[in-house]
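entry_24.txt, holding compact mmCIF, C-alpha atoms:
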# COMPACT_ATOMS: atom_id res chain seq x y z
CA ASN X 1 40.67 22.81 115.27
CA ALA X 2 43.22 25.38 114.06
CA GLY X 3 42.12 25.45 110.40
CA VAL X 4 44.98 26.63 108.17
CA THR X 5 48.24 27.62 109.86
CA GLN X 6 51.26 29.32 108.28
CA THR X 7 54.81 29.87 109.45
CA PRO X 8 56.58 32.20 109.73
CA LYS X 9 54.29 35.22 110.23
CA PHE X 10 56.93 37.66 109.05
CA GLN X 11 60.31 37.32 107.34
CA VAL X 12 62.99 39.65 106.01
CA LEU X 13 65.35 38.29 103.35
CA LYS X 14 68.22 39.71 101.37
CA THR X 15 68.21 39.40 97.60
CA GLY X 16 69.44 35.95 96.59
CA GLN X 17 68.61 34.21 99.86
CA SER X 18 66.29 31.23 99.92
CA MET X 19 63.49 30.29 102.26
CA THR X 20 60.53 27.97 102.62
CA LEU X 21 57.06 29.05 103.73
CA GLN X 22 55.18 26.35 105.57
CA CYS X 23 51.44 25.67 105.52
CA ALA X 24 49.38 23.03 107.29
CA GLN X 25 45.64 22.33 107.50
CA ASP X 26 43.72 20.10 109.88
CA MET X 27 40.40 19.99 108.00
CA ASN X 28 41.25 16.85 106.00
CA HIS X 29 41.03 18.91 102.80
CA ASN X 30 42.24 17.46 99.53
CA SER X 31 43.23 20.68 97.79
CA MET X 32 45.70 23.34 98.85
CA TYR X 33 46.82 26.65 97.33
CA TRP X 34 49.44 29.36 97.58
CA TYR X 35 48.54 32.96 96.75
CA ARG X 36 50.34 36.26 96.90
CA GLN X 37 48.52 39.50 97.65
CA ASP X 38 49.87 42.85 96.47
CA PRO X 39 48.25 46.30 96.64
CA GLY X 40 46.04 46.93 93.61
CA MET X 41 46.62 43.39 92.29
CA GLY X 42 44.39 41.34 94.54
CA LEU X 43 45.07 37.68 95.25
CA ARG X 44 47.04 35.88 92.59
CA LEU X 45 47.46 32.12 92.51
CA ILE X 46 51.07 30.91 92.54
CA TYR X 47 50.66 27.13 92.71
CA TYR X 48 48.02 24.71 93.81
CA SER X 49 47.72 21.04 94.67
CA ALA X 50 44.42 19.47 93.69
CA SER X 51 45.18 16.37 95.74
CA GLU X 52 48.06 14.74 97.56
CA GLY X 53 50.81 13.93 95.10
CA THR X 54 49.88 16.54 92.49
CA THR X 55 50.90 20.16 91.98
CA ASP X 56 50.12 22.63 89.20
CA LYS X 57 51.13 26.14 88.25
CA GLY X 58 48.83 29.06 88.79
CA GLU X 59 48.93 32.56 87.39
CA VAL X 60 52.34 33.65 88.74
CA PRO X 61 54.59 30.60 89.34
CA ASN X 62 57.96 32.00 88.22
CA GLY X 63 60.56 32.09 90.98
CA TYR X 64 58.69 29.63 93.22
CA ASN X 65 58.56 25.90 93.84
CA VAL X 66 56.13 23.90 95.93
CA SER X 67 56.00 20.55 97.68
CA ARG X 68 52.87 18.74 98.82
CA LEU X 69 54.56 16.89 101.66
CA ASN X 70 51.44 14.96 102.67
CA LYS X 71 47.70 15.60 102.79
CA ARG X 72 48.09 18.19 105.57
CA GLU X 73 51.15 20.15 104.47
CA PHE X 74 51.98 22.27 101.42
CA SER X 75 55.19 24.30 101.34
CA LEU X 76 56.30 27.16 99.10
CA ARG X 77 60.00 27.69 98.39
CA LEU X 78 61.80 30.75 97.09
CA GLU X 79 65.17 29.55 95.79
CA SER X 80 66.70 32.99 95.15
CA ALA X 81 64.57 35.78 96.54
CA ALA X 82 64.09 39.00 94.57
CA PRO X 83 62.64 42.36 95.71
CA SER X 84 59.67 41.71 93.37
CA GLN X 85 58.72 38.83 95.66
CA THR X 86 58.03 41.22 98.53
CA SER X 87 54.40 40.46 99.28
CA VAL X 88 51.93 38.87 101.66
CA TYR X 89 51.62 35.14 101.02
CA PHE X 90 48.46 33.24 101.84
CA CYS X 91 47.93 29.52 101.95
CA ALA X 92 44.40 28.15 101.49
CA SER X 93 42.74 24.77 101.43
CA SER X 94 39.45 23.34 100.18
CA ALA X 95 37.68 20.00 100.30
CA GLY X 96 38.00 19.77 96.55
CA ILE X 97 38.84 21.86 93.53
CA GLN X 98 36.34 24.70 92.99
CA GLU X 99 34.95 24.26 96.47
CA THR X 100 35.11 26.94 99.14
CA GLN X 101 38.66 27.91 100.06
CA TYR X 102 39.71 28.59 103.64
CA PHE X 103 42.69 30.86 104.18
CA GLY X 104 45.53 30.98 106.66
CA PRO X 105 46.64 34.19 108.44
CA GLY X 106 49.38 34.98 105.93
CA THR X 107 53.16 35.45 105.87
CA ARG X 108 54.55 38.93 105.28
CA LEU X 109 57.78 38.73 103.30
CA LEU X 110 60.15 41.62 102.71
CA VAL X 111 63.04 41.11 100.30
CA LEU X 112 65.72 43.79 100.48
CA GLN E 1 40.88 42.89 80.34
CA LYS E 2 40.87 41.49 83.86
CA GLU E 3 38.66 38.49 84.56
CA VAL E 4 37.12 40.24 87.56
CA GLU E 5 36.75 43.97 88.16
CA GLN E 6 36.03 45.46 91.56
CA ASP E 7 36.01 49.10 92.61
CA PRO E 8 38.71 49.43 95.29
CA GLY E 9 36.95 52.29 97.08
CA PRO E 10 37.57 53.28 99.77
CA LEU E 11 33.95 53.39 100.85
CA SER E 12 32.98 55.19 104.05
CA VAL E 13 29.43 55.02 105.47
CA PRO E 14 27.72 55.91 108.76
CA GLU E 15 26.67 53.16 111.12
CA GLY E 16 23.27 51.73 110.18
CA ALA E 17 23.61 52.47 106.46
CA ILE E 18 22.95 49.95 103.72
CA VAL E 19 26.14 49.11 101.87
CA SER E 20 26.32 47.86 98.29
CA LEU E 21 29.50 46.22 97.02
CA ASN E 22 29.83 45.09 93.41
CA CYS E 23 31.95 43.12 90.99
CA THR E 24 31.75 42.63 87.26
CA TYR E 25 33.31 39.79 85.33
CA SER E 26 34.02 38.87 81.75
CA ASN E 27 33.94 35.06 81.68
CA SER E 28 30.42 33.72 81.20
CA ALA E 29 31.63 30.26 82.29
CA PHE E 30 31.83 31.28 85.95
CA GLN E 31 29.31 29.38 88.05
CA TYR E 32 30.50 29.74 91.64
CA PHE E 33 30.49 33.16 93.27
CA MET E 34 31.87 34.04 96.66
CA TRP E 35 32.39 37.02 98.91
CA TYR E 36 35.27 37.08 101.37
CA ARG E 37 35.86 39.56 104.18
CA GLN E 38 39.43 40.46 105.10
CA TYR E 39 40.29 42.39 108.23
CA SER E 40 43.55 44.31 108.31
CA ARG E 41 46.59 42.02 108.54
CA LYS E 42 44.41 38.89 108.51
CA GLY E 43 43.58 36.22 105.96
CA PRO E 44 40.35 36.37 103.94
CA GLU E 45 37.37 34.60 105.51
CA LEU E 46 34.39 33.32 103.54
CA LEU E 47 31.25 35.39 103.98
CA MET E 48 28.84 34.21 101.28
CA TYR E 49 28.80 31.46 98.66
CA THR E 50 26.32 31.19 95.80
CA TYR E 51 26.00 28.90 92.84
CA SER E 52 24.72 30.25 89.52
CA SER E 53 22.19 33.09 89.50
CA GLY E 54 19.86 34.38 92.18
CA ASN E 55 19.92 35.74 95.71
CA LYS E 56 21.18 34.34 98.97
CA GLU E 57 20.56 35.89 102.37
CA ASP E 58 22.41 35.32 105.63
CA GLY E 59 21.50 37.63 108.46
CA ARG E 60 22.40 41.19 107.48
CA PHE E 61 24.16 40.04 104.31
CA THR E 62 22.58 39.39 100.90
CA ALA E 63 24.48 38.19 97.85
CA GLN E 64 23.04 38.65 94.36
CA VAL E 65 24.24 37.14 91.11
CA ASP E 66 23.05 38.38 87.71
CA LYS E 67 24.71 36.13 85.15
CA SER E 68 23.03 37.86 82.21
CA SER E 69 24.77 41.11 83.15
CA LYS E 70 27.90 39.39 84.54
CA TYR E 71 27.44 41.34 87.76
CA ILE E 72 27.45 40.29 91.39
CA SER E 73 26.59 42.30 94.49
CA LEU E 74 26.88 42.07 98.24
CA PHE E 75 24.46 44.09 100.36
CA ILE E 76 25.05 44.76 104.04
CA ARG E 77 22.04 46.01 106.01
CA ASP E 78 22.32 47.93 109.27
CA SER E 79 26.08 48.22 108.84
CA GLN E 80 28.20 48.08 112.01
CA PRO E 81 31.70 49.35 112.79
CA SER E 82 32.74 45.68 113.00
CA ASP E 83 31.93 45.40 109.28
CA SER E 84 34.90 47.69 108.53
CA ALA E 85 37.15 45.51 106.38
CA THR E 86 38.13 44.81 102.80
CA TYR E 87 35.59 42.75 100.84
CA LEU E 88 36.81 40.51 98.04
CA CYS E 89 34.65 38.89 95.42
CA ALA E 90 35.78 35.59 93.92
CA MET E 91 34.49 33.31 91.23
CA SER E 92 35.28 30.07 89.46
CA GLY E 93 33.81 27.30 87.40
CA GLY E 94 33.23 26.01 83.91
CA SER E 95 36.07 26.40 81.47
CA THR E 96 38.23 28.29 83.96
CA GLY E 97 39.58 24.99 85.16
CA ASN E 98 40.71 24.89 88.73
CA GLN E 99 41.40 28.54 89.30
CA PHE E 100 39.58 31.00 91.48
CA TYR E 101 39.61 34.57 90.24
CA PHE E 102 39.55 37.27 92.88
CA GLY E 103 38.65 40.92 92.66
CA THR E 104 41.15 43.39 94.09
CA GLY E 105 38.87 44.13 97.05
CA THR E 106 36.80 47.10 98.24
CA SER E 107 37.85 48.79 101.47
CA LEU E 108 34.85 49.64 103.69
CA THR E 109 34.81 51.80 106.80
CA VAL E 110 31.66 52.08 108.92
CA ILE E 111 31.77 55.20 111.07
CA PRO E 112 30.09 55.00 114.51
As a first step, turn the structure in this file into C-alpha cells.
Amino acid sequence: NAGVTQTPKFQVLKTGQSMTLQCAQDMNHNSMYWYRQDPGMGLRLIYYSASEGTTDKGEVPNGYNVSRLNKREFSLRLESAAPSQTSVYFCASSAGIQETQYFGPGTRLLVL
Amino acid sequence: QKEVEQDPGPLSVPEGAIVSLNCTYSNSAFQYFMWYRQYSRKGPELLMYTYSSGNKEDGRFTAQVDKSSKYISLFIRDSQPSDSATYLCAMSGGSTGNQFYFGTGTSLTVIP
C-alpha cells in the first residue's frame, strides 16, 4: 500500500517550457488535491477534484490545469512555466471532501 | 487578514520539555481541526484530528480546540529529538466550502 505517489521528485524547467506532474493514490479515495508550498506562505490549494469527473479551482489556479484521469490519478499541468511557479508541489487525497487529507512526498520544481 | 495564523518560530527546546504549538483563526464556521507534522523534504503527515471543541489525546500528543476564542493548540509531552519537524495546523468546515486552510507551520527542534 504505497498511499499517495508523485512523479517526478525533482524537475528543472526553463521559462516557457511545459510539464505535467503526476499523482496517483491507491487508497480508493474519492477526492484529490494539488497544493503548492512556498516559504512563509504555507500550503495553498491550486485545484481539487471532489470526485472522479469533477475539478474545481482553489486559491491559486492561474497558470495551471488539471486532469482527473480516473479515480486513482490526478495530474497537474504547467503550460508555460514561469519563475513564480518555482515551488514544492504536493498532491493529497481524502475519502471525501472535508475528510482527512493524506499527502504525497512532493515534487520540487525550479523554473529558471 | 489571513484565515489561519501560526507563529513560524523557530522553536528550540531541550529533550523532555513540554511543547505548546498554537494557531488562531478568523472564520467561526470552521469545524474540523487538524495538526500535521512535516519532516524536512517530506510531505505533511496527519498527527491529530478533532471535530468541534474540546481535547483529544494520543500518546504524548494532546490537541485542544477553543472555538469561543478561535484558538487551537497542540501539546507535546516528553519531547524527543524525533519530534523535530515543522508542525502545520489546518482547518475546514461550514461555509468554507471544500477548502482546507493551513497555517504556515511552526519549525520545532528538540535538542538532545
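Taking only C-alpha atoms, the non-local environment of range 55-58 of chain X within 6 Å (same-chain residues fewer than 4 positions away omitted) comprises Leu45, Ile46, Tyr47, Tyr48 and Ser49 of chain X.
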Can those selected residues be exported to a file as a PDB file, in the coordinates of the input so that it contains C-alpha atoms?
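That gives us out-v1.pdb:
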ATOM      1  CA  LEU X  45      47.460  32.120  92.510  1.00  0.00           C
ATOM      2  CA  ILE X  46      51.070  30.910  92.540  1.00  0.00           C
ATOM      3  CA  TYR X  47      50.660  27.130  92.710  1.00  0.00           C
ATOM      4  CA  TYR X  48      48.020  24.710  93.810  1.00  0.00           C
ATOM      5  CA  SER X  49      47.720  21.040  94.670  1.00  0.00           C
TER       6      SER X  49
END
**Study point:** Sphere at (51.5, 43.9, 100.2), radius 9 Å, counting all atoms listed in the file: residues as a list in words
**Key:**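 The answer, in the requested form, is Arg36, Gln37, Asp38, Pro39, Thr86, Ser87, Val88, Tyr89, Arg108 and Leu109 of chain X.
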Exercise for review: Write out as a PyMOL selection string each polymer residue whose atoms come within 9 Å of Gly9 in chain E, counting only C-alpha atoms; drop sequence neighbours fewer than 4 positions from it.
Suggested key: chain E and resi 105-108
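For the choices X:Leu110, X:Val66, X:Cys91, X:Met32, the atom-to-atom distance to Lys14 in chain X is smallest for X:Leu110 when using all atoms listed in the file.
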Residues of chain E within 7 Å of chain X, counting all atoms listed in the file, as a PDB file with C-alpha atoms, keeping the file's coordinate frame:
ATOM      1  CA  LYS E  42      44.410  38.890 108.510  1.00  0.00           C
ATOM      2  CA  GLY E  43      43.580  36.220 105.960  1.00  0.00           C
ATOM      3  CA  PRO E  44      40.350  36.370 103.940  1.00  0.00           C
ATOM      4  CA  GLU E  45      37.370  34.600 105.510  1.00  0.00           C
ATOM      5  CA  SER E  92      35.280  30.070  89.460  1.00  0.00           C
ATOM      6  CA  GLY E  93      33.810  27.300  87.400  1.00  0.00           C
ATOM      7  CA  ASN E  98      40.710  24.890  88.730  1.00  0.00           C
ATOM      8  CA  PHE E 102      39.550  37.270  92.880  1.00  0.00           C
ATOM      9  CA  GLY E 103      38.650  40.920  92.660  1.00  0.00           C
ATOM     10  CA  THR E 104      41.150  43.390  94.090  1.00  0.00           C
ATOM     11  CA  GLY E 105      38.870  44.130  97.050  1.00  0.00           C
TER      12      GLY E 105
END
Check your understanding: So how far away is CA of Gln64 in chain E from CA of Ser94 in chain X, in Å?
Key ->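 Pair CA of Ser94 in chain X / CA of Gln64 in chain E returns 23.2 Å.
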Check your understanding: Skipping near chain neighbours, those fewer than 4 positions away, what residues fall within 6 Å of Phe61 in chain E using only C-alpha atoms, listed as an MDAnalysis selection string?
Key -> chainID E and resid 57 75:76
Point to revise | Distance query Thr50 in chain E at most 10 Å, only C-alpha atoms, self and fewer than 6 positions along chain excluded, as a VMD selection string | key: chain E and resid 31 to 35 56 to 57 63 to 65 91
Based on the selection just made, write C-alpha atoms of those residues as a compact mmCIF listing (two decimals), in the coordinates of the input.
# COMPACT_ATOMS: atom_id res chain seq x y z
CA GLN E 31 29.31 29.38 88.05
CA TYR E 32 30.50 29.74 91.64
CA PHE E 33 30.49 33.16 93.27
CA MET E 34 31.87 34.04 96.66
CA TRP E 35 32.39 37.02 98.91
CA LYS E 56 21.18 34.34 98.97
CA GLU E 57 20.56 35.89 102.37
CA ALA E 63 24.48 38.19 97.85
CA GLN E 64 23.04 38.65 94.36
CA VAL E 65 24.24 37.14 91.11
CA MET E 91 34.49 33.31 91.23
Practice item. Name all residues at most 10 Å from range 15-24 of chain X (count all atoms listed in the file; drop same-chain ones fewer than 4 positions away) and give them as a PyMOL selection string. Key: chain X and resi 2-9+11+32-34+64-85+89-93+104+106-107+109-112
Review point. How many Å separate CA of Tyr101 in chain E from CA of Gly53 in chain X?
Key: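 Rounded to one decimal, the two atoms are 24.0 Å apart.
Rounded to one decimal, CA of Asn22 in chain E and CA of Thr62 in chain E lie 11.9 Å from each other.
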Check your understanding: For Ser31 in chain X, which residue out of X:Gly63, X:Thr54, X:Asn1, X:Phe10 is the nearest one, using all atoms listed in the file?
Key ->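 For Ser31 in chain X, the nearest of the candidates is X:Thr54.
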Could you rebuild range 28-39 of chain E with all heavy atoms and give me the result as a tab-separated table (two decimals), in the coordinates of the input?
chain	number	residue	atom	x	y	z
E	28	SER	N	31.78	34.21	80.98
E	28	SER	CA	30.42	33.72	81.20
E	28	SER	C	30.40	32.29	81.74
E	28	SER	O	29.35	31.78	82.11
E	28	SER	CB	29.63	33.79	79.89
E	28	SER	OG	30.29	33.06	78.87
E	29	ALA	N	31.58	31.63	81.78
E	29	ALA	CA	31.63	30.26	82.29
E	29	ALA	C	31.60	30.19	83.82
E	29	ALA	O	31.37	29.13	84.39
E	29	ALA	CB	32.88	29.56	81.78
E	30	PHE	N	31.83	31.30	84.49
E	30	PHE	CA	31.83	31.28	85.95
E	30	PHE	C	30.48	30.81	86.47
E	30	PHE	O	29.43	31.23	86.00
E	30	PHE	CB	32.14	32.66	86.53
E	30	PHE	CG	33.57	33.10	86.37
E	30	PHE	CD1	33.87	34.42	86.11
E	30	PHE	CD2	34.62	32.21	86.51
E	30	PHE	CE1	35.18	34.85	85.97
E	30	PHE	CE2	35.94	32.61	86.36
E	30	PHE	CZ	36.21	33.93	86.09
E	31	GLN	N	30.54	29.92	87.48
E	31	GLN	CA	29.31	29.38	88.05
E	31	GLN	C	29.26	29.54	89.57
E	31	GLN	O	28.18	29.51	90.15
E	31	GLN	CB	29.20	27.89	87.74
E	31	GLN	CG	29.09	27.56	86.27
E	31	GLN	CD	29.13	26.06	86.06
E	31	GLN	OE1	30.16	25.42	86.29
E	31	GLN	NE2	28.01	25.50	85.67
E	32	TYR	N	30.43	29.65	90.19
E	32	TYR	CA	30.50	29.74	91.64
E	32	TYR	C	30.95	31.15	92.00
E	32	TYR	O	31.95	31.64	91.48
E	32	TYR	CB	31.50	28.72	92.19
E	32	TYR	CG	31.18	27.29	91.79
E	32	TYR	CD1	31.77	26.74	90.65
E	32	TYR	CD2	30.32	26.51	92.53
E	32	TYR	CE1	31.48	25.44	90.26
E	32	TYR	CE2	30.03	25.21	92.16
E	32	TYR	CZ	30.61	24.69	91.02
E	32	TYR	OH	30.32	23.41	90.65
E	33	PHE	N	30.23	31.76	92.92
E	33	PHE	CA	30.49	33.16	93.27
E	33	PHE	C	30.58	33.29	94.78
E	33	PHE	O	29.72	32.78	95.51
E	33	PHE	CB	29.37	34.06	92.72
E	33	PHE	CG	29.21	33.93	91.24
E	33	PHE	CD1	28.31	33.01	90.70
E	33	PHE	CD2	29.96	34.71	90.38
E	33	PHE	CE1	28.17	32.87	89.33
E	33	PHE	CE2	29.82	34.59	89.01
E	33	PHE	CZ	28.94	33.66	88.48
E	34	MET	N	31.62	33.94	95.23
E	34	MET	CA	31.87	34.04	96.66
E	34	MET	C	32.22	35.46	97.05
E	34	MET	O	32.72	36.24	96.24
E	34	MET	CB	33.05	33.14	97.06
E	34	MET	CG	32.72	31.67	97.02
E	34	MET	SD	34.04	30.71	96.22
E	34	MET	CE	33.83	31.12	94.49
E	35	TRP	N	31.93	35.78	98.30
E	35	TRP	CA	32.39	37.02	98.91
E	35	TRP	C	33.21	36.66	100.14
E	35	TRP	O	32.77	35.86	100.97
E	35	TRP	CB	31.23	37.92	99.31
E	35	TRP	CG	30.59	38.59	98.14
E	35	TRP	CD1	29.49	38.16	97.43
E	35	TRP	CD2	31.02	39.80	97.51
E	35	TRP	NE1	29.21	39.04	96.42
E	35	TRP	CE2	30.12	40.05	96.44
E	35	TRP	CE3	32.06	40.71	97.74
E	35	TRP	CZ2	30.26	41.17	95.60
E	35	TRP	CZ3	32.17	41.82	96.92
E	35	TRP	CH2	31.29	42.04	95.86
E	36	TYR	N	34.40	37.26	100.21
E	36	TYR	CA	35.27	37.08	101.37
E	36	TYR	C	35.42	38.43	102.07
E	36	TYR	O	35.43	39.49	101.43
E	36	TYR	CB	36.67	36.61	100.94
E	36	TYR	CG	36.73	35.14	100.56
E	36	TYR	CD1	36.39	34.71	99.29
E	36	TYR	CD2	37.17	34.19	101.48
E	36	TYR	CE1	36.47	33.37	98.94
E	36	TYR	CE2	37.26	32.85	101.15
E	36	TYR	CZ	36.91	32.45	99.88
E	36	TYR	OH	36.98	31.12	99.54
E	37	ARG	N	35.59	38.38	103.39
E	37	ARG	CA	35.86	39.56	104.18
E	37	ARG	C	37.29	39.41	104.72
E	37	ARG	O	37.67	38.35	105.20
E	37	ARG	CB	34.87	39.66	105.34
E	37	ARG	CG	35.08	40.84	106.27
E	37	ARG	CD	33.97	40.90	107.30
E	37	ARG	NE	33.89	39.70	108.11
E	37	ARG	CZ	32.85	39.36	108.86
E	37	ARG	NH1	31.78	40.14	108.89
E	37	ARG	NH2	32.87	38.27	109.58
E	38	GLN	N	38.05	40.49	104.64
E	38	GLN	CA	39.43	40.46	105.10
E	38	GLN	C	39.68	41.65	106.03
E	38	GLN	O	39.67	42.79	105.58
E	38	GLN	CB	40.42	40.48	103.92
E	38	GLN	CG	41.86	40.31	104.34
E	38	GLN	CD	42.81	40.22	103.15
E	38	GLN	OE1	42.50	40.66	102.05
E	38	GLN	NE2	43.99	39.66	103.38
E	39	TYR	N	39.90	41.35	107.29
E	39	TYR	CA	40.29	42.39	108.23
E	39	TYR	C	41.77	42.69	108.04
E	39	TYR	O	42.55	41.85	107.55
E	39	TYR	CB	40.00	41.97	109.67
E	39	TYR	CG	38.53	41.89	110.00
E	39	TYR	CD1	37.92	40.67	110.30
E	39	TYR	CD2	37.74	43.03	110.01
E	39	TYR	CE1	36.57	40.59	110.60
E	39	TYR	CE2	36.39	42.96	110.30
E	39	TYR	CZ	35.81	41.74	110.60
E	39	TYR	OH	34.47	41.68	110.89
